[in-house]
Every structure is written in C-alpha cells, then in structure tokens.
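One file, model.cif, is given below (mmCIF, C-alpha atoms).
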data_final
loop_
_atom_site.label_atom_id
_atom_site.label_comp_id
_atom_site.auth_asym_id
_atom_site.auth_seq_id
_atom_site.Cartn_x
_atom_site.Cartn_y
_atom_site.Cartn_z
CA MET A 1 18.76 -1.55 -16.02
CA SER A 2 15.44 -3.13 -15.02
CA ARG A 3 12.92 -3.94 -17.67
CA PRO A 4 9.89 -1.65 -18.14
CA ALA A 5 7.24 -2.19 -15.46
CA GLU A 6 4.67 -3.38 -17.98
CA ARG A 7 6.89 -6.34 -18.97
CA ARG A 8 8.07 -7.42 -15.53
CA PRO A 9 7.17 -11.09 -15.12
CA VAL A 10 4.96 -12.76 -12.57
CA VAL A 11 7.36 -15.02 -10.65
CA VAL A 12 6.07 -18.23 -9.07
CA GLY A 13 7.86 -20.60 -6.75
CA VAL A 14 7.10 -24.12 -8.00
CA ASP A 15 6.16 -26.79 -5.47
CA PRO A 16 7.89 -30.11 -6.21
CA ASP A 17 4.65 -32.01 -5.57
CA PRO A 18 2.50 -31.96 -8.74
CA ALA A 19 -0.59 -32.42 -6.56
CA HIS A 20 -0.14 -28.84 -5.32
CA ARG A 21 -0.74 -26.52 -8.25
CA MET A 22 -2.96 -23.74 -6.88
CA ALA A 23 -0.13 -21.17 -6.69
CA LEU A 24 1.06 -22.07 -10.18
CA ALA A 25 -2.49 -21.78 -11.54
CA TRP A 26 -3.02 -18.42 -9.80
CA ALA A 27 0.26 -17.06 -11.15
CA ALA A 28 -0.43 -18.26 -14.69
CA ASP A 29 -3.92 -16.74 -14.63
CA GLU A 30 -2.54 -13.44 -13.30
CA ALA A 31 0.17 -13.30 -15.97
CA ALA A 32 -2.38 -14.04 -18.69
CA ARG A 33 -4.79 -11.44 -17.29
CA ARG A 34 -2.06 -8.78 -17.25
CA ARG A 35 -0.52 -9.96 -20.54
CA LEU A 36 2.82 -10.45 -18.83
CA PRO A 37 5.38 -13.27 -19.01
CA LEU A 38 5.47 -15.93 -16.30
CA ARG A 39 8.68 -17.17 -14.68
CA ALA A 40 8.58 -20.53 -12.89
CA VAL A 41 11.31 -20.83 -10.25
CA HIS A 42 12.44 -23.96 -8.44
CA VAL A 43 15.27 -23.96 -5.90
CA GLU A 44 17.21 -27.17 -5.51
CA GLY A 45 17.19 -28.52 -2.00
CA VAL A 46 16.33 -32.03 -0.86
CA PRO A 47 15.45 -34.70 -3.43
CA THR A 48 11.95 -34.27 -4.81
CA ARG A 49 9.22 -36.88 -4.62
CA GLY A 50 10.50 -38.89 -7.59
CA TYR A 51 13.81 -39.54 -5.81
CA ARG A 52 12.62 -40.11 -2.24
CA GLY A 53 12.34 -43.85 -2.57
CA ARG A 54 15.72 -44.33 -4.22
CA GLU A 55 18.99 -45.22 -2.58
CA VAL A 56 21.08 -42.23 -1.55
CA PRO A 57 23.89 -41.74 -4.11
CA PRO A 58 27.31 -42.68 -2.71
CA SER A 59 29.09 -39.48 -3.78
CA TRP A 60 28.42 -35.75 -3.60
CA GLU A 61 28.64 -35.46 -7.39
CA GLU A 62 25.97 -38.10 -7.91
CA TRP A 63 23.83 -36.59 -5.17
CA ASN A 64 24.06 -33.17 -6.79
CA GLU A 65 23.24 -34.63 -10.20
CA ALA A 66 20.20 -36.37 -8.75
CA LEU A 67 18.98 -33.08 -7.28
CA HIS A 68 19.51 -31.29 -10.59
CA LYS A 69 17.62 -33.93 -12.59
CA ALA A 70 14.77 -33.87 -10.07
CA GLY A 71 14.58 -30.08 -10.27
CA GLN A 72 14.50 -30.16 -14.05
CA GLN A 73 11.66 -32.67 -13.92
CA VAL A 74 9.73 -30.42 -11.51
CA LEU A 75 10.03 -27.47 -13.88
CA GLU A 76 9.17 -29.52 -16.97
CA GLU A 77 5.97 -30.71 -15.33
CA ALA A 78 5.17 -27.15 -14.26
CA MET A 79 5.71 -25.83 -17.80
CA ASP A 80 3.43 -28.53 -19.20
CA PHE A 81 0.74 -27.53 -16.69
CA VAL A 82 0.98 -23.86 -17.64
CA SER A 83 1.01 -24.57 -21.39
CA ALA A 84 -2.14 -26.63 -21.09
CA ARG A 85 -3.87 -23.88 -19.08
CA HIS A 86 -2.70 -20.89 -21.18
CA PRO A 87 -1.24 -22.06 -24.53
CA GLN A 88 -0.33 -18.52 -25.64
CA LEU A 89 1.35 -17.45 -22.41
CA GLU A 90 5.01 -16.45 -22.56
CA VAL A 91 6.78 -18.51 -19.91
CA ASP A 92 10.33 -19.34 -18.89
CA SER A 93 11.86 -21.30 -16.02
CA LEU A 94 14.74 -20.94 -13.59
CA LEU A 95 16.40 -23.80 -11.72
CA ALA A 96 18.45 -22.22 -8.93
CA GLU A 97 20.66 -23.34 -6.09
CA GLY A 98 20.90 -21.84 -2.64
CA ASP A 99 18.53 -20.29 -0.13
CA PRO A 100 14.94 -20.05 -1.52
CA VAL A 101 14.35 -16.82 0.42
CA TRP A 102 17.39 -15.14 -1.15
CA VAL A 103 16.58 -16.44 -4.66
CA LEU A 104 12.96 -15.24 -4.52
CA GLY A 105 13.98 -11.95 -2.94
CA GLU A 106 16.37 -11.28 -5.81
CA GLN A 107 13.77 -12.30 -8.38
CA SER A 108 11.32 -9.84 -6.81
CA ARG A 109 13.56 -6.91 -7.82
CA ASP A 110 12.44 -7.29 -11.44
CA ALA A 111 8.97 -8.80 -10.94
CA THR A 112 5.39 -7.63 -10.94
CA ALA A 113 4.58 -10.12 -8.18
CA VAL A 114 6.04 -13.20 -6.48
CA VAL A 115 3.60 -16.06 -5.91
CA LEU A 116 3.99 -18.89 -3.40
CA GLY A 117 1.79 -21.72 -2.22
CA SER A 118 0.61 -22.40 1.32
CA ARG A 119 -0.72 -25.69 2.63
CA HIS A 120 -1.82 -24.37 6.05
CA LEU A 121 0.41 -26.80 7.89
CA SER A 122 0.44 -27.25 11.65
CA ARG A 123 2.71 -24.95 13.66
CA LYS A 124 5.20 -27.79 14.13
CA GLN A 125 5.31 -28.42 10.39
CA GLU A 126 5.48 -24.72 9.51
CA ALA A 127 9.14 -24.58 10.49
CA PHE A 128 9.84 -26.77 7.47
CA GLY A 129 6.94 -25.74 5.24
CA SER A 130 5.82 -22.92 3.00
CA ALA A 131 5.31 -20.41 5.82
CA ALA A 132 9.00 -20.71 6.66
CA VAL A 133 9.70 -19.32 3.17
CA ALA A 134 6.75 -16.92 2.79
CA LEU A 135 7.36 -14.91 5.95
CA PRO A 136 11.04 -14.07 5.32
CA VAL A 137 10.32 -13.45 1.61
CA MET A 138 7.59 -11.02 2.69
CA ALA A 139 10.14 -9.17 4.79
CA ARG A 140 12.53 -8.59 1.88
CA THR A 141 10.40 -8.58 -1.26
CA HIS A 142 10.52 -5.59 -3.61
CA CYS A 143 7.08 -6.31 -5.11
CA PRO A 144 3.76 -7.73 -3.89
CA LEU A 145 3.95 -11.25 -2.48
CA VAL A 146 0.95 -13.50 -3.12
CA VAL A 147 0.45 -16.56 -0.91
CA VAL A 148 -2.12 -18.97 -2.36
CA PRO A 149 -3.66 -21.65 -0.12
CA GLU A 150 -4.24 -25.31 -0.84
CA PRO A 151 -6.86 -26.53 -1.48
CA GLU A 152 -8.87 -24.08 -3.57
CA HIS A 153 -11.30 -22.04 -1.49
CA ILE A 154 -14.93 -21.29 -2.34
CA THR A 155 -15.67 -17.75 -3.51
CA GLN A 156 -18.98 -15.91 -3.52
CA GLU A 157 -20.83 -14.12 -6.29
CA PRO A 158 -20.65 -11.30 -7.05
CA ALA A 159 -16.88 -11.62 -6.72
CA TYR A 160 -15.04 -9.28 -4.37
CA LEU A 161 -11.62 -8.52 -2.86
CA VAL A 162 -10.88 -7.24 0.63
CA VAL A 163 -8.19 -4.70 1.54
CA GLY A 164 -7.07 -3.83 5.06
CA VAL A 165 -6.48 -0.13 5.65
CA ASP A 166 -4.66 1.17 8.74
CA GLY A 167 -5.24 4.88 8.30
CA SER A 168 -1.60 5.68 7.50
CA GLU A 169 -0.08 6.87 4.24
CA HIS A 170 1.81 3.57 4.03
CA SER A 171 -1.37 1.56 3.50
CA GLY A 172 -1.96 3.50 0.29
CA ALA A 173 0.23 1.03 -1.62
CA ALA A 174 -2.03 -1.84 -0.58
CA VAL A 175 -5.14 0.12 -1.55
CA ASP A 176 -3.65 0.90 -4.98
CA VAL A 177 -2.97 -2.79 -5.61
CA ALA A 178 -6.44 -3.76 -4.37
CA PHE A 179 -8.16 -1.35 -6.77
CA GLU A 180 -6.01 -2.55 -9.66
CA GLU A 181 -6.71 -6.22 -8.93
CA ALA A 182 -10.45 -5.57 -8.57
CA ALA A 183 -10.53 -3.68 -11.88
CA LEU A 184 -8.67 -6.48 -13.68
CA ARG A 185 -11.16 -9.05 -12.41
CA GLY A 186 -14.33 -6.98 -12.70
CA ALA A 187 -14.80 -7.51 -8.96
CA ARG A 188 -16.11 -5.44 -6.08
CA LEU A 189 -13.79 -4.11 -3.38
CA ARG A 190 -14.33 -4.03 0.39
CA ALA A 191 -11.99 -1.57 2.14
CA LEU A 192 -11.90 -2.27 5.87
CA LEU A 193 -10.35 -0.32 8.72
CA VAL A 194 -10.35 -2.39 11.89
CA TRP A 195 -10.38 -0.57 15.21
CA GLU A 196 -9.18 -2.60 18.17
CA PRO A 197 -10.05 -0.86 21.45
CA GLY A 198 -7.29 -0.83 24.06
CA PRO A 199 -7.47 -2.67 27.39
CA MET A 200 -9.03 0.44 29.01
CA ARG A 201 -12.09 0.85 26.80
CA VAL A 202 -13.37 4.40 26.59
CA PHE A 203 -16.93 5.05 27.66
CA ASP A 204 -17.79 6.81 24.44
CA GLU A 205 -16.48 4.97 21.38
CA HIS A 206 -18.35 7.15 18.91
CA GLN A 207 -15.56 9.72 18.46
CA PRO A 208 -12.69 7.28 17.68
CA GLN A 209 -14.90 5.33 15.28
CA GLN A 210 -15.86 8.55 13.54
CA GLU A 211 -12.15 9.36 13.18
CA CYS A 212 -11.60 5.90 11.68
CA ARG A 213 -14.34 6.53 9.13
CA ARG A 214 -12.80 9.88 8.21
CA LEU A 215 -9.35 8.31 7.69
CA LEU A 216 -10.79 5.49 5.62
CA SER A 217 -12.78 7.84 3.40
CA GLU A 218 -9.74 10.03 2.79
CA ILE A 219 -7.44 7.19 1.76
CA VAL A 220 -9.88 5.65 -0.74
CA ALA A 221 -11.33 8.88 -2.16
CA GLY A 222 -8.71 9.75 -4.78
CA ARG A 223 -8.14 6.17 -5.80
CA GLN A 224 -11.83 5.52 -6.37
CA GLY A 225 -11.78 8.31 -8.94
CA ARG A 226 -9.07 6.48 -10.92
CA TYR A 227 -11.09 3.25 -10.96
CA PRO A 228 -14.74 4.34 -11.42
CA GLU A 229 -15.65 0.86 -12.67
CA VAL A 230 -14.86 -0.71 -9.29
CA GLU A 231 -17.83 -0.90 -6.93
CA LEU A 232 -16.41 0.12 -3.55
CA HIS A 233 -17.74 -0.65 -0.08
CA HIS A 234 -15.80 0.73 2.88
CA GLU A 235 -16.55 0.23 6.53
CA VAL A 236 -15.05 0.41 10.01
CA LEU A 237 -15.21 -2.79 12.07
CA VAL A 238 -14.31 -3.40 15.70
CA GLY A 239 -12.16 -6.33 16.85
CA HIS A 240 -8.77 -7.92 16.42
CA PRO A 241 -7.47 -7.01 12.94
CA VAL A 242 -6.28 -10.52 12.02
CA GLN A 243 -9.55 -12.16 13.05
CA VAL A 244 -11.77 -9.49 11.46
CA LEU A 245 -9.89 -9.45 8.15
CA THR A 246 -9.74 -13.25 8.01
CA ASP A 247 -13.48 -13.55 8.63
CA ALA A 248 -14.32 -10.79 6.14
CA SER A 249 -12.28 -12.42 3.38
CA ALA A 250 -13.42 -16.02 3.88
CA HIS A 251 -15.06 -16.18 0.43
CA ALA A 252 -13.13 -13.39 -1.28
CA LEU A 253 -10.99 -13.60 -4.40
CA GLY A 254 -8.13 -12.25 -2.30
CA LEU A 255 -7.13 -10.29 0.79
CA VAL A 256 -4.74 -7.36 0.29
CA VAL A 257 -2.64 -6.04 3.19
CA GLY A 258 0.42 -3.89 3.66
CA THR A 259 3.58 -5.31 5.21
CA ARG A 260 4.65 -2.28 7.25
CA GLY A 261 3.23 0.93 8.63
CA ARG A 262 1.31 1.95 11.75
CA GLY A 263 -1.90 3.89 11.69
CA GLY A 264 -3.26 6.20 14.31
CA PHE A 265 -4.71 3.45 16.48
CA ALA A 266 -2.84 0.85 18.54
CA GLY A 267 -3.31 -2.69 17.31
CA MET A 268 -3.52 -1.91 13.61
CA LEU A 269 0.13 -2.55 12.79
CA LEU A 270 -0.11 -4.08 9.34
CA GLY A 271 3.31 -5.71 9.64
CA SER A 272 1.98 -8.03 12.33
CA VAL A 273 -1.43 -8.27 10.70
CA SER A 274 0.03 -9.40 7.39
CA GLN A 275 1.92 -12.17 9.18
CA GLY A 276 -1.21 -13.21 11.04
CA VAL A 277 -3.44 -13.44 7.98
CA LEU A 278 -0.81 -15.53 6.17
CA HIS A 279 -1.35 -18.18 8.83
CA HIS A 280 -5.14 -18.00 8.99
CA ALA A 281 -6.64 -16.73 5.71
CA ARG A 282 -8.23 -19.29 3.40
CA CYS A 283 -8.08 -17.09 0.32
CA PRO A 284 -4.98 -15.78 -1.50
CA VAL A 285 -3.19 -13.09 0.52
CA ILE A 286 -1.51 -10.25 -1.38
CA ALA A 287 1.09 -8.61 0.87
CA VAL A 288 2.22 -5.25 -0.51
CA PRO A 289 5.52 -3.74 0.64
CA THR A 290 5.72 -0.12 1.67
CA ARG A 291 7.12 2.17 -0.98
CA GLU A 292 10.45 3.67 0.05
#
What do you get writing this file as structure tokens?
Amino acid sequence: MSRPAERRPVVVGVDPDPAHRMALAWAADEAARRRLPLRAVHVEGVPTRGYRGREVPPSWEEWNEALHKAGQQVLEEAMDFVSARHPQLEVDSLLAEGDPVWVLGEQSRDATAVVLGSRHLSRKQEAFGSAAVALPVMARTHCPLVVVPEPEHITQEPAYLVVGVDGSEHSGAAVDVAFEEAALRGARLRALLVWEPGPMRVFDEHQPQQECRRLLSEIVAGRQGRYPEVELHHEVLVGHPVQVLTDASAHALGLVVGTRGRGGFAGMLLGSVSQGVLHHARCPVIAVPTRE
C-alpha cells in the first residue's frame, strides 16, 4: 500500500560533485515548503571524485567496497547540506545499485516529485551526462520530474511560473501542477498556448488563433476558480513551441510542461516539447506525466 499523498517524499538524485547543489537545494526547499520528507538518492556507478585519483583496486570486492564508501560519503555530504539549509526537515537517504533510470523510476511510484540536476552539457557530453538520465526517467516517471539547471538562473520580480498548454485534456495535469506551484510560492502564472503554423500558411490566421484562445480559456477557467490567489495571465503566441516557451520562461521560477498528449494543432506535441525544453531552458523544468 502506498503512503498517503500528503506524506509522499520529494525524491532527489544526488550529484557526486559537491559543487553542484542546485537540484538538492531546490528539492529541499520544495519539501520544506510542502512540509514533506525529503529522500536523497545516490546510485553507485563509477568512483566518485574522491576516488578518481587513487589506484584502481586489484579485486572486484575491493572495487565494490570503494564504490560503496564513495557513495556513502556523497550522501553524508548531501545530508549535511540539507540539514544546514533546513534544520527541521525530515530527510532520509538511499544508496542504491543498478541502473539510475530504473531506481528513480521505482522511487517515483511513491513520490510527490523526482528532482534531478542538469549542467547543460554539450551534445557530445549529454550521452554521459544528466540528460541521459533525465530523458528516460521522464518517459517512465509516475510523478512530476523536475530538472534543475546549473548554475542558478536569475529570476524577475514579481515572481512568476510559465505553463505550456496544448489545448488537449492531457495538458490539464500540467496546468494543475502549475497552479499549485504558483500558489505555494505566492507567484504569478503565465499560461501559454503556442500555435505553430504549418508549412502552407493560411491567408487568414485570425480564425485558428481565435480557436487557440478559446481552448486556452476553457482549460484554465475551472482551475483558476480553485486558486483565486494566483494572478493568471494567459496568451496565445505564434512560433516554434520549444523556442517560444524557452524564451518566455527565461527569468521564471519554473517552466511546467506535460510529457504526452497532442492538441488540436500540429506542432504542439508536448512529448517532444518537454524533451526540447529540457535541453534549452535555463530555469527549472517541471515535466508532468499524463494521468492514466
């Protein structure tokens, strides 16, 4: 039996490099804000930084022991960081073996959110970096996945979040999360529906844009009533969804997108959009899976 939703932890994948703590800080702040426990997860793989300069152990047993000790050190340092930031926060740790994608996917079954870091590596490096974990985790997660960039980005005041809406019922889950996050932070919310005209542009674009505005108004209407304290701005923009959402969220607290679902207009497939913004956004990206 899963634990009640209100006590499901915020799960964070811990980077072995103590210089990269933005994801851990975001996760700790989110857990404290929601009054939830935090679970720090590290998956044993290659030796961490403290062991890189040492001679490779001569036996598998010693190699495995070295990995285990390094992983324990990573988690101890992470716990110290969290305790200093939020002394009253309930936190536990998990040192796991195996595939990070599988471990985090399983942890997501009983989590409020899974949080990972992103260093915006080059495409060559991405095959071995955080994006190589974030994208497959996004495909199998059972809860929202948050990808937090390094270094910390600059936000604007008054604070706001951005949510991408595709006009389908599936994007409702992303809108729900966006309203909830905005309410928790006392922030504004920008709900954007991006219309990308096809290769054969119609002479009169007024009618499809009007239809976009109608769809956007319908999907936010009921939810705005549940969160009257959230100042909402919704608009239809024209362009490529990834580029438009990335630009719109440059100084936002976060960008919320769905991970599946097609709206009524070609080009606004949030599955592909969510992957694109993970590569390009400079603010935290909250990818929300479609409810089954």
When distances are computed from all atoms listed in the file, which of A:Ala23, A:Leu216, A:Ala40, A:Ala182 shows the smallest separation from A:Gln107? A:Ala40
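Among the candidates A:Val137, A:Leu278, A:Val147, A:Ala178, the one nearest to A:Val242 when counting all atoms listed in the file is A:Leu278.
With all atoms listed in the file as the atoms that count, the residue of A:Gly105, A:Ala32, A:Gly254, A:Gly117 with the shortest distance to A:Pro16 is A:Gly117.
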As a list in words, please: the residues near stretch 220-229 of chain A (cut-off 10 Å, all atoms listed in the file, same-chain neighbours under 3 positions excluded). Val165, Gly172, Val175, Asp176, Phe179, Glu180, Ala182, Ala183, Gly186, Ala187, Arg188, Ala191, Leu215, Leu216, Ser217, Leu232 and His234 of chain A
Taking 5 positions as the minimum chain separation for residues in the same chain, which residues sit within 9 Å of A:Thr259 when counting all atoms listed in the file? Answer as number ranges by chain. A: 138-139, 171, 174, 269-275, 287-290
Could stretch 246-259 of chain A be completed with N, CA, C and O atoms and returned as an mmCIF file, in the frame of the given file?
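Output file result_21.cif follows:
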data_model
loop_
_atom_site.group_PDB
_atom_site.id
_atom_site.type_symbol
_atom_site.label_atom_id
_atom_site.label_comp_id
_atom_site.auth_asym_id
_atom_site.auth_seq_id
_atom_site.Cartn_x
_atom_site.Cartn_y
_atom_site.Cartn_z
ATOM 1 N N THR A 246 -9.609 -11.851 8.427
ATOM 2 C CA THR A 246 -9.740 -13.250 8.010
ATOM 3 C C THR A 246 -11.196 -13.628 7.805
ATOM 4 O O THR A 246 -11.563 -14.242 6.797
ATOM 5 N N ASP A 247 -12.047 -13.248 8.758
ATOM 6 C CA ASP A 247 -13.480 -13.550 8.630
ATOM 7 C C ASP A 247 -14.088 -12.842 7.423
ATOM 8 O O ASP A 247 -14.884 -13.434 6.676
ATOM 9 N N ALA A 248 -13.724 -11.581 7.223
ATOM 10 C CA ALA A 248 -14.320 -10.790 6.140
ATOM 11 C C ALA A 248 -13.926 -11.313 4.768
ATOM 12 O O ALA A 248 -14.651 -11.126 3.791
ATOM 13 N N SER A 249 -12.789 -11.977 4.681
ATOM 14 C CA SER A 249 -12.280 -12.420 3.380
ATOM 15 C C SER A 249 -12.482 -13.904 3.129
ATOM 16 O O SER A 249 -11.915 -14.454 2.187
ATOM 17 N N ALA A 250 -13.295 -14.553 3.963
ATOM 18 C CA ALA A 250 -13.420 -16.020 3.880
ATOM 19 C C ALA A 250 -13.784 -16.500 2.485
ATOM 20 O O ALA A 250 -13.307 -17.548 2.039
ATOM 21 N N HIS A 251 -14.631 -15.764 1.774
ATOM 22 C CA HIS A 251 -15.060 -16.180 0.430
ATOM 23 C C HIS A 251 -14.662 -15.163 -0.634
ATOM 24 O O HIS A 251 -15.296 -15.069 -1.685
ATOM 25 N N ALA A 252 -13.589 -14.422 -0.350
ATOM 26 C CA ALA A 252 -13.130 -13.390 -1.280
ATOM 27 C C ALA A 252 -12.176 -13.974 -2.315
ATOM 28 O O ALA A 252 -11.598 -15.041 -2.124
ATOM 29 N N LEU A 253 -11.997 -13.236 -3.411
ATOM 30 C CA LEU A 253 -10.990 -13.600 -4.400
ATOM 31 C C LEU A 253 -9.589 -13.421 -3.830
ATOM 32 O O LEU A 253 -8.653 -14.111 -4.236
ATOM 33 N N GLY A 254 -9.429 -12.491 -2.891
ATOM 34 C CA GLY A 254 -8.130 -12.250 -2.300
ATOM 35 C C GLY A 254 -8.230 -11.236 -1.191
ATOM 36 O O GLY A 254 -9.188 -10.449 -1.113
ATOM 37 N N LEU A 255 -7.240 -11.248 -0.309
ATOM 38 C CA LEU A 255 -7.130 -10.290 0.790
ATOM 39 C C LEU A 255 -5.820 -9.525 0.611
ATOM 40 O O LEU A 255 -4.747 -10.126 0.534
ATOM 41 N N VAL A 256 -5.904 -8.197 0.527
ATOM 42 C CA VAL A 256 -4.740 -7.360 0.290
ATOM 43 C C VAL A 256 -4.394 -6.622 1.580
ATOM 44 O O VAL A 256 -5.247 -5.976 2.187
ATOM 45 N N VAL A 257 -3.113 -6.734 1.997
ATOM 46 C CA VAL A 257 -2.640 -6.040 3.190
ATOM 47 C C VAL A 257 -1.268 -5.445 2.926
ATOM 48 O O VAL A 257 -0.544 -5.895 2.041
ATOM 49 N N GLY A 258 -0.926 -4.434 3.704
ATOM 50 C CA GLY A 258 0.420 -3.890 3.660
ATOM 51 C C GLY A 258 1.330 -4.701 4.557
ATOM 52 O O GLY A 258 0.871 -5.468 5.415
ATOM 53 N N THR A 259 2.638 -4.548 4.382
ATOM 54 C CA THR A 259 3.580 -5.310 5.210
ATOM 55 C C THR A 259 4.246 -4.470 6.273
ATOM 56 O O THR A 259 4.899 -5.009 7.155
#
